[in-house]
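Shown next: target02.cif, given as mmCIF, C-alpha atoms (C1' of nucleotides).
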data_input
loop_
_atom_site.group_PDB
_atom_site.id
_atom_site.type_symbol
_atom_site.label_atom_id
_atom_site.label_comp_id
_atom_site.auth_asym_id
_atom_site.auth_seq_id
_atom_site.Cartn_x
_atom_site.Cartn_y
_atom_site.Cartn_z
ATOM 1 C CA MET A 1 166.687 87.728 -5.215
ATOM 2 C CA VAL A 2 168.042 84.264 -5.575
ATOM 3 C CA SER A 3 171.434 83.968 -3.946
ATOM 4 C CA LYS A 4 172.021 80.374 -4.890
ATOM 5 C CA LYS A 5 175.285 79.910 -6.713
ATOM 6 C CA SER A 6 176.103 76.922 -8.866
ATOM 7 C CA ASP A 7 178.010 76.458 -12.088
ATOM 8 C CA GLU A 8 175.182 78.210 -13.898
ATOM 9 C CA THR A 9 175.779 81.763 -14.925
ATOM 10 C CA TYR A 10 173.980 84.421 -12.985
ATOM 11 C CA CYS A 11 175.783 87.666 -13.653
ATOM 12 C CA GLY A 12 174.874 89.009 -17.046
ATOM 13 C CA LYS A 13 172.118 87.660 -19.250
ATOM 14 C CA ARG A 14 172.841 84.634 -21.334
ATOM 15 C CA LEU A 15 171.809 85.250 -24.935
ATOM 16 C CA MET A 16 169.042 82.891 -26.018
ATOM 17 C CA ALA A 17 167.678 81.507 -29.278
ATOM 18 C CA ASP A 18 165.631 84.580 -30.192
ATOM 19 C CA PHE A 19 168.866 86.558 -30.439
ATOM 20 C CA TYR A 20 170.726 84.022 -32.571
ATOM 21 C CA GLU A 21 167.778 83.378 -34.895
ATOM 22 C CA GLN A 22 167.999 86.865 -36.343
ATOM 23 C CA ASP A 23 169.788 87.485 -39.625
ATOM 24 C CA VAL A 24 173.551 87.178 -39.406
ATOM 25 C CA LEU A 25 173.941 90.768 -40.571
ATOM 26 C CA THR A 26 172.079 91.748 -37.401
ATOM 27 C CA VAL A 27 173.701 89.239 -35.072
ATOM 28 C CA ALA A 28 177.328 89.720 -36.127
ATOM 29 C CA PRO A 29 177.548 93.422 -35.223
ATOM 30 C CA SER A 30 175.333 92.842 -32.178
ATOM 31 C CA LEU A 31 177.897 90.391 -30.790
ATOM 32 C CA LEU A 32 180.430 93.204 -30.428
ATOM 33 C CA GLY A 33 180.817 94.154 -26.785
ATOM 34 C CA LYS A 34 179.103 90.944 -25.631
ATOM 35 C CA ILE A 35 180.910 88.610 -23.239
ATOM 36 C CA LEU A 36 182.161 85.273 -24.492
ATOM 37 C CA VAL A 37 182.248 82.840 -21.580
ATOM 38 C CA VAL A 38 184.160 79.564 -21.711
ATOM 39 C CA LYS A 39 184.554 77.169 -18.826
ATOM 40 C CA GLN A 40 187.899 75.394 -18.692
ATOM 41 C CA PRO A 41 188.374 71.733 -17.765
ATOM 42 C CA SER A 42 190.166 73.025 -14.653
ATOM 43 C CA GLY A 43 186.930 74.715 -13.561
ATOM 44 C CA ASP A 44 188.135 78.228 -14.302
ATOM 45 C CA VAL A 45 185.663 80.387 -16.184
ATOM 46 C CA LEU A 46 187.136 82.742 -18.763
ATOM 47 C CA ARG A 47 185.253 85.870 -19.809
ATOM 48 C CA TYR A 48 186.268 88.070 -22.707
ATOM 49 C CA LYS A 49 184.601 90.905 -24.539
ATOM 50 C CA ILE A 50 184.075 90.237 -28.242
ATOM 51 C CA THR A 51 185.837 92.856 -30.354
ATOM 52 C CA GLU A 52 185.619 91.652 -33.936
ATOM 53 C CA THR A 53 183.261 89.489 -35.992
ATOM 54 C CA GLU A 54 182.531 88.607 -39.593
ATOM 55 C CA ALA A 55 179.277 87.548 -41.252
ATOM 56 C CA TYR A 56 178.975 84.544 -43.548
ATOM 57 C CA ARG A 57 175.591 84.478 -45.119
ATOM 58 C CA GLY A 58 173.921 81.537 -46.693
ATOM 59 C CA HIS A 59 174.093 79.617 -49.917
ATOM 60 C CA GLU A 60 174.513 82.748 -52.027
ATOM 61 C CA ASP A 61 177.623 83.939 -50.218
ATOM 62 C CA ARG A 62 180.479 82.264 -52.051
ATOM 63 C CA ALA A 63 182.740 82.935 -49.067
ATOM 64 C CA CYS A 64 180.470 80.866 -46.811
ATOM 65 C CA HIS A 65 181.510 77.240 -46.403
ATOM 66 C CA ALA A 66 177.869 76.176 -46.668
ATOM 67 C CA SER A 67 177.420 77.779 -50.108
ATOM 68 C CA LYS A 68 178.456 74.531 -51.759
ATOM 69 C CA GLY A 69 175.808 72.536 -49.949
ATOM 70 C CA LYS A 70 175.508 70.568 -46.751
ATOM 71 C CA THR A 71 178.471 68.397 -45.766
ATOM 72 C CA ARG A 72 179.450 66.804 -42.486
ATOM 73 C CA ARG A 73 181.650 69.797 -41.815
ATOM 74 C CA THR A 74 179.000 72.441 -42.494
ATOM 75 C CA GLU A 75 175.941 70.553 -41.298
ATOM 76 C CA VAL A 76 175.603 72.559 -38.103
ATOM 77 C CA MET A 77 175.185 75.806 -40.052
ATOM 78 C CA PHE A 78 171.858 74.559 -41.360
ATOM 79 C CA ARG A 79 170.431 74.341 -37.857
ATOM 80 C CA ARG A 80 168.693 77.207 -36.153
ATOM 81 C CA GLY A 81 170.840 79.971 -34.685
ATOM 82 C CA GLY A 82 172.631 79.394 -31.404
ATOM 83 C CA TYR A 83 174.912 76.470 -32.185
ATOM 84 C CA VAL A 84 178.695 76.579 -32.327
ATOM 85 C CA TYR A 85 180.450 75.930 -35.645
ATOM 86 C CA VAL A 86 184.134 75.131 -35.192
ATOM 87 C CA TYR A 87 186.515 74.218 -37.988
ATOM 88 C CA PHE A 88 190.233 73.719 -38.474
ATOM 89 C CA VAL A 89 192.399 75.652 -40.955
ATOM 90 C CA TYR A 90 196.019 75.878 -42.016
ATOM 91 C CA GLY A 91 196.836 72.762 -40.071
ATOM 92 C CA MET A 92 197.073 74.743 -36.835
ATOM 93 C CA TYR A 93 194.107 76.864 -35.971
ATOM 94 C CA TRP A 94 190.542 76.368 -34.839
ATOM 95 C CA MET A 95 187.990 78.978 -35.899
ATOM 96 C CA LEU A 96 185.018 79.788 -33.700
ATOM 97 C CA ASN A 97 181.707 80.636 -35.360
ATOM 98 C CA VAL A 98 178.198 81.213 -34.066
ATOM 99 C CA VAL A 99 175.369 79.825 -36.182
ATOM 100 C CA THR A 100 172.608 82.370 -36.823
ATOM 101 C CA GLY A 101 169.262 82.634 -38.571
ATOM 102 C CA PRO A 102 166.373 80.146 -38.814
ATOM 103 C CA GLU A 103 166.710 76.465 -39.607
ATOM 104 C CA ASN A 104 167.849 75.609 -43.157
ATOM 105 C CA GLU A 105 169.240 79.104 -43.611
ATOM 106 C CA PRO A 106 173.006 78.465 -43.365
ATOM 107 C CA GLN A 107 174.570 81.496 -41.745
ATOM 108 C CA ALA A 108 177.327 81.998 -39.228
ATOM 109 C CA ALA A 109 179.200 84.795 -37.501
ATOM 110 C CA LEU A 110 182.937 84.208 -37.204
ATOM 111 C CA ILE A 111 184.409 85.455 -33.939
ATOM 112 C CA ARG A 112 187.625 87.105 -35.090
ATOM 113 C CA GLY A 113 188.748 88.831 -31.926
ATOM 114 C CA ILE A 114 188.306 89.133 -28.173
ATOM 115 C CA GLU A 115 189.716 91.733 -25.823
ATOM 116 C CA GLY A 116 193.452 91.179 -25.469
ATOM 117 C CA TYR A 117 193.627 88.459 -28.091
ATOM 118 C CA GLU A 118 192.983 89.828 -31.558
ATOM 119 C CA GLY A 119 192.852 87.129 -34.194
ATOM 120 C CA PRO A 120 190.530 84.166 -34.710
ATOM 121 C CA GLY A 121 193.276 81.574 -34.271
ATOM 122 C CA ARG A 122 194.681 83.195 -31.158
ATOM 123 C CA LEU A 123 191.436 83.428 -29.240
ATOM 124 C CA THR A 124 190.540 79.772 -29.691
ATOM 125 C CA ARG A 125 193.996 78.779 -28.478
ATOM 126 C CA VAL A 126 193.641 80.945 -25.366
ATOM 127 C CA LEU A 127 190.130 79.677 -24.638
ATOM 128 C CA GLY A 128 190.970 76.030 -25.264
ATOM 129 C CA ILE A 129 188.385 75.710 -28.028
ATOM 130 C CA ASP A 130 188.799 72.744 -30.360
ATOM 131 C CA GLY A 131 186.737 70.351 -32.436
ATOM 132 C CA THR A 132 184.925 68.989 -29.406
ATOM 133 C CA PHE A 133 183.003 72.278 -29.275
ATOM 134 C CA TYR A 134 181.456 71.624 -32.688
ATOM 135 C CA GLY A 135 177.685 71.576 -32.288
ATOM 136 C CA GLU A 136 177.601 72.937 -28.730
ATOM 137 C CA ASP A 137 174.357 74.808 -28.041
ATOM 138 C CA LEU A 138 175.115 78.297 -26.748
ATOM 139 C CA THR A 139 171.645 78.497 -25.199
ATOM 140 C CA SER A 140 172.149 75.424 -22.993
ATOM 141 C CA SER A 141 175.839 74.423 -22.952
ATOM 142 C CA LYS A 142 177.561 74.214 -19.585
ATOM 143 C CA ARG A 143 180.958 75.226 -20.950
ATOM 144 C CA ILE A 144 180.421 77.911 -23.564
ATOM 145 C CA TRP A 145 177.915 80.703 -23.915
ATOM 146 C CA ILE A 146 177.617 84.424 -24.565
ATOM 147 C CA GLU A 147 176.283 87.034 -22.152
ATOM 148 C CA ASP A 148 174.758 90.454 -22.715
ATOM 149 C CA ASN A 149 176.042 92.937 -20.179
ATOM 150 C CA GLY A 150 173.976 95.783 -21.590
ATOM 151 C CA TYR A 151 176.992 97.374 -23.226
ATOM 152 C CA LYS A 152 176.165 99.532 -26.225
ATOM 153 C CA ALA A 153 178.815 98.968 -28.857
ATOM 154 C CA SER A 154 179.922 101.246 -31.669
ATOM 155 C CA PHE A 155 181.844 99.774 -34.538
ATOM 156 C CA ILE A 156 183.243 100.182 -38.000
ATOM 157 C CA THR A 157 182.967 97.819 -40.949
ATOM 158 C CA SER A 158 185.413 96.618 -43.571
ATOM 159 C CA PRO A 159 185.677 93.887 -46.196
ATOM 160 C CA ARG A 160 186.260 90.374 -44.918
ATOM 161 C CA ILE A 161 189.679 88.820 -44.552
ATOM 162 C CA GLY A 162 191.162 85.886 -46.396
ATOM 163 C CA ILE A 163 188.331 85.207 -48.845
ATOM 164 C CA ASN A 164 189.733 86.486 -52.119
ATOM 165 C CA TYR A 165 188.808 83.173 -53.664
ATOM 166 C CA ALA A 166 185.099 84.035 -53.304
ATOM 167 C CA GLY A 167 185.144 86.597 -56.123
ATOM 168 C CA GLN A 168 182.816 89.546 -56.672
ATOM 169 C CA PRO A 169 180.643 90.839 -55.175
ATOM 170 C CA TRP A 170 181.464 88.921 -52.013
ATOM 171 C CA VAL A 171 185.074 90.046 -51.693
ATOM 172 C CA ASP A 172 184.001 93.648 -51.156
ATOM 173 C CA MET A 173 180.980 93.110 -48.930
ATOM 174 C CA PRO A 174 181.595 95.143 -45.748
ATOM 175 C CA TRP A 175 180.697 92.260 -43.480
ATOM 176 C CA ARG A 176 183.547 92.536 -41.012
ATOM 177 C CA PHE A 177 182.615 94.332 -37.821
ATOM 178 C CA ILE A 178 185.230 95.878 -35.535
ATOM 179 C CA LEU A 179 184.519 97.312 -32.081
ATOM 180 C CA THR A 180 185.634 100.915 -31.710
ATOM 181 C CA ALA A 181 184.533 101.862 -28.212
ATOM 182 C "C1'" DT B 1 207.495 87.890 -47.072
ATOM 183 C "C1'" DC B 2 207.376 82.927 -45.953
ATOM 184 C "C1'" DA B 3 207.261 78.345 -43.211
ATOM 185 C "C1'" DT B 4 204.391 75.809 -40.545
ATOM 186 C "C1'" DT B 5 200.533 72.285 -40.511
ATOM 187 C "C1'" DG B 6 196.578 68.824 -41.285
ATOM 188 C "C1'" DA B 7 191.484 68.349 -42.311
ATOM 189 C "C1'" DT B 8 188.476 69.064 -46.162
ATOM 190 C "C1'" DT B 9 187.587 68.976 -50.857
ATOM 191 C "C1'" DT B 10 188.431 67.924 -55.648
ATOM 192 C "C1'" DC B 11 190.139 65.273 -59.306
ATOM 193 C "C1'" DA B 12 191.132 60.867 -61.061
ATOM 194 C "C1'" DG C 1 194.254 57.315 -53.691
ATOM 195 C "C1'" DA C 2 196.683 61.679 -54.615
ATOM 196 C "C1'" DA C 3 196.862 66.587 -54.980
ATOM 197 C "C1'" DA C 4 195.429 71.158 -54.114
ATOM 198 C "C1'" DT C 5 193.206 74.224 -51.003
ATOM 199 C "C1'" DC C 6 192.578 77.032 -46.804
ATOM 200 C "C1'" DA C 7 187.847 82.453 -42.631
ATOM 201 C "C1'" DA C 8 196.018 82.303 -39.901
ATOM 202 C "C1'" DT C 9 199.969 83.259 -37.061
ATOM 203 C "C1'" DG C 10 204.538 84.251 -35.910
ATOM 204 C "C1'" DA C 11 209.283 84.420 -37.029
ATOM 205 C "C1'" DT C 12 212.528 86.436 -40.273
#
Exercise: express the given structure as structure tokens:
Amino acid sequence: MVSKKSDETYCGKRLMADFYEQDVLTVAPSLLGKILVVKQPSGDVLRYKITETEAYRGHEDRACHASKGKTRRTEVMFRRGGYVYVYFVYGMYWMLNVVTGPENEPQAALIRGIEGYEGPGRLTRVLGIDGTFYGEDLTSSKRIWIEDNGYKASFITSPRIGINYAGQPWVDMPWRFILTA
DNA sequence: TCATTGATTTCA
DNA sequence: GAAATCAATGAT
């Protein structure tokens, strides 16, 4: 056993590229129960269990920002899974997404809730996540990553929130995943 | 239910 | 340039 302790994580397994490169409809529900780890500028390390996610899937999904093509804002979604996609909405809130799937397959899982802080805008505020996290690599970043603690999650699904503009059939796709136990 | 808030996108 | 849009929250 290695007892060396540094700022690297050693308790729990950091999720690597092979996890994120799966389809978003596999990754999004799999993220439930995983531990989101964010290191603060102060040096504190915050750990929260992920409780709610949503899947945004590729150019066909009209609710996905990348469905209209690659722009500076959505560019990171076209990379391989494992990068962080952060964007700003309603003039106040940062949204935290995890890019999934292979390269040139724009997909992302929106982290909608963590234990104790339900709501995508609330969790980023608590964790101190802002635009500087755009493009961070979850497989190598020193300040944000996700760990697997072996927890087996059960969950329910429902339609996604706040995407009525996307129209059918996307409005009713049950691509929101909520941890139940 | 409505005010807040500003980057992105769309229309000229 | 200007106007409309928006994966939200919290106060009323």
Residues of chain C were defined as contacting chain A if any atom lay at most 12 Å from it, counting only C-alpha atoms (C1' of nucleotides); please report them as a list in words.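 For chain C, the answer reads DT5, DC6, DA7, DA8, DT9 and DG10 of chain C.
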Up to 8 Å from chain A, what residues of chain B turn up? Count only C-alpha atoms (C1' of nucleotides) and give them as a ChimeraX atom specification. /B:5-7
Report the distance between CA of Phe155 in chain A and CA of Leu32 in chain A in Å, rounded to one decimal place. 7.9 Å
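The smallest atom-to-atom distance between Gly116 in chain A and any of A:Ile35, A:Ile50, A:Leu25, A:Val45, using only C-alpha atoms, is found for A:Ile50.
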Apply the PyMOL selection byres ((chain C and resi 4) around 10) to the file shown and report the selected residues as a PyMOL selection string. (chain B and resi 9-11) or (chain C and resi 2-3+5-6)
Next, dump the selected residues to file, keeping only C-alpha atoms (C1' of nucleotides), as a PDB file, in the coordinates of the input.
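Heads up, here's the output in result16.pdb:
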ATOM      1  C1'  DT B   9     187.587  68.976 -50.857  1.00  0.00           C
ATOM      2  C1'  DT B  10     188.431  67.924 -55.648  1.00  0.00           C
ATOM      3  C1'  DC B  11     190.139  65.273 -59.306  1.00  0.00           C
TER       4       DC B  11
ATOM      5  C1'  DA C   2     196.683  61.679 -54.615  1.00  0.00           C
ATOM      6  C1'  DA C   3     196.862  66.587 -54.980  1.00  0.00           C
ATOM      7  C1'  DT C   5     193.206  74.224 -51.003  1.00  0.00           C
ATOM      8  C1'  DC C   6     192.578  77.032 -46.804  1.00  0.00           C
TER       9       DC C   6
END
Go through A:Gly82, A:Leu123, A:Thr74, A:Tyr151 and flag the residue nearest DT8 in chain B, using all atoms listed in the file for the distances.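 Under the stated criterion, the closest residue is A:Thr74.
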For Ser154 in chain A, find every residue with an atom within 12 Å (counting all atoms listed in the file), except residues of its own chain fewer than 2 positions away, and show them as a list in words.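 Result of the neighbour search: Pro29, Ser30, Leu31, Leu32, Gly33, Lys34, Thr51, Glu52, Tyr151, Lys152, Ile156, Thr157, Phe177, Ile178, Leu179, Thr180 and Ala181 of chain A.
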Report, in Å to a single decimal, how far apart CA of Glu136 in chain A and CA of Val76 in chain A are.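 Spanning CA of Val76 in chain A to CA of Glu136 in chain A is a straight-line distance of 9.6 Å.
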Using only C-alpha atoms (C1' of nucleotides), collect all residues at a distance of at most 12 Å from (172.9, 90.3, -37.0) as written in the file, then present them as a count of residues only. 32
Have a look at C1' of DT4 in chain B and CA of Gly135 in chain A and let me know their distance in Å, one decimal.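 That distance, rounded to one decimal, is 28.3 Å.
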List the residues matched by the PyMOL selection byres ((chain A and resi 46) around 12) in the displayed structure as a PyMOL selection string, ordered by chain and then by residue number. chain A and resi 35-45+47-49+114-115+123-124+126-129+143-146
Store the residues of this selection in a file with C-alpha atoms, as a PDB file, in the frame of the given file.
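Writing the result to result-v9.pdb gives the following:
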ATOM      1  CA  ILE A  35     180.910  88.610 -23.239  1.00  0.00           C
ATOM      2  CA  LEU A  36     182.161  85.273 -24.492  1.00  0.00           C
ATOM      3  CA  VAL A  37     182.248  82.840 -21.580  1.00  0.00           C
ATOM      4  CA  VAL A  38     184.160  79.564 -21.711  1.00  0.00           C
ATOM      5  CA  LYS A  39     184.554  77.169 -18.826  1.00  0.00           C
ATOM      6  CA  GLN A  40     187.899  75.394 -18.692  1.00  0.00           C
ATOM      7  CA  PRO A  41     188.374  71.733 -17.765  1.00  0.00           C
ATOM      8  CA  SER A  42     190.166  73.025 -14.653  1.00  0.00           C
ATOM      9  CA  GLY A  43     186.930  74.715 -13.561  1.00  0.00           C
ATOM     10  CA  ASP A  44     188.135  78.228 -14.302  1.00  0.00           C
ATOM     11  CA  VAL A  45     185.663  80.387 -16.184  1.00  0.00           C
ATOM     12  CA  ARG A  47     185.253  85.870 -19.809  1.00  0.00           C
ATOM     13  CA  TYR A  48     186.268  88.070 -22.707  1.00  0.00           C
ATOM     14  CA  LYS A  49     184.601  90.905 -24.539  1.00  0.00           C
ATOM     15  CA  ILE A 114     188.306  89.133 -28.173  1.00  0.00           C
ATOM     16  CA  GLU A 115     189.716  91.733 -25.823  1.00  0.00           C
ATOM     17  CA  LEU A 123     191.436  83.428 -29.240  1.00  0.00           C
ATOM     18  CA  THR A 124     190.540  79.772 -29.691  1.00  0.00           C
ATOM     19  CA  VAL A 126     193.641  80.945 -25.366  1.00  0.00           C
ATOM     20  CA  LEU A 127     190.130  79.677 -24.638  1.00  0.00           C
ATOM     21  CA  GLY A 128     190.970  76.030 -25.264  1.00  0.00           C
ATOM     22  CA  ILE A 129     188.385  75.710 -28.028  1.00  0.00           C
ATOM     23  CA  ARG A 143     180.958  75.226 -20.950  1.00  0.00           C
ATOM     24  CA  ILE A 144     180.421  77.911 -23.564  1.00  0.00           C
ATOM     25  CA  TRP A 145     177.915  80.703 -23.915  1.00  0.00           C
ATOM     26  CA  ILE A 146     177.617  84.424 -24.565  1.00  0.00           C
TER      27      ILE A 146
END
Would you mind putting N, CA and C atoms back on range 114-131 of chain A and writing the result as a tab-separated table (two decimals), in the frame of the given file?
chain	number	residue	atom	x	y	z
A	114	ILE	N	188.81	88.84	-29.51
A	114	ILE	CA	188.31	89.13	-28.17
A	114	ILE	C	189.31	90.07	-27.52
A	115	GLU	N	188.87	90.74	-26.46
A	115	GLU	CA	189.72	91.73	-25.82
A	115	GLU	C	191.05	91.11	-25.38
A	116	GLY	N	192.14	91.66	-25.87
A	116	GLY	CA	193.45	91.18	-25.47
A	116	GLY	C	194.02	90.11	-26.38
A	117	TYR	N	193.17	89.52	-27.19
A	117	TYR	CA	193.63	88.46	-28.09
A	117	TYR	C	193.01	88.61	-29.47
A	118	GLU	N	193.48	89.62	-30.22
A	118	GLU	CA	192.98	89.83	-31.56
A	118	GLU	C	193.43	88.69	-32.47
A	119	GLY	N	192.51	88.20	-33.25
A	119	GLY	CA	192.85	87.13	-34.19
A	119	GLY	C	192.10	85.87	-33.90
A	120	PRO	N	191.40	85.33	-34.91
A	120	PRO	CA	190.53	84.17	-34.71
A	120	PRO	C	191.27	82.91	-34.25
A	121	GLY	N	192.52	82.75	-34.68
A	121	GLY	CA	193.28	81.57	-34.27
A	121	GLY	C	193.82	81.73	-32.86
A	122	ARG	N	194.11	82.94	-32.49
A	122	ARG	CA	194.68	83.20	-31.16
A	122	ARG	C	193.65	83.00	-30.07
A	123	LEU	N	192.44	83.49	-30.30
A	123	LEU	CA	191.44	83.43	-29.24
A	123	LEU	C	191.01	81.99	-28.93
A	124	THR	N	190.94	81.16	-29.96
A	124	THR	CA	190.54	79.77	-29.69
A	124	THR	C	191.64	79.04	-28.92
A	125	ARG	N	192.89	79.40	-29.19
A	125	ARG	CA	194.00	78.78	-28.48
A	125	ARG	C	193.96	79.17	-27.00
A	126	VAL	N	193.70	80.45	-26.74
A	126	VAL	CA	193.64	80.94	-25.37
A	126	VAL	C	192.47	80.32	-24.61
A	127	LEU	N	191.33	80.17	-25.30
A	127	LEU	CA	190.13	79.68	-24.64
A	127	LEU	C	190.06	78.16	-24.60
A	128	GLY	N	190.99	77.49	-25.28
A	128	GLY	CA	190.97	76.03	-25.26
A	128	GLY	C	189.86	75.44	-26.12
A	129	ILE	N	189.46	76.19	-27.15
A	129	ILE	CA	188.38	75.71	-28.03
A	129	ILE	C	188.96	74.83	-29.14
A	130	ASP	N	188.37	73.65	-29.29
A	130	ASP	CA	188.80	72.74	-30.36
A	130	ASP	C	187.58	72.05	-30.96
A	131	GLY	N	187.81	71.01	-31.72
A	131	GLY	CA	186.74	70.35	-32.44
A	131	GLY	C	185.65	69.77	-31.55
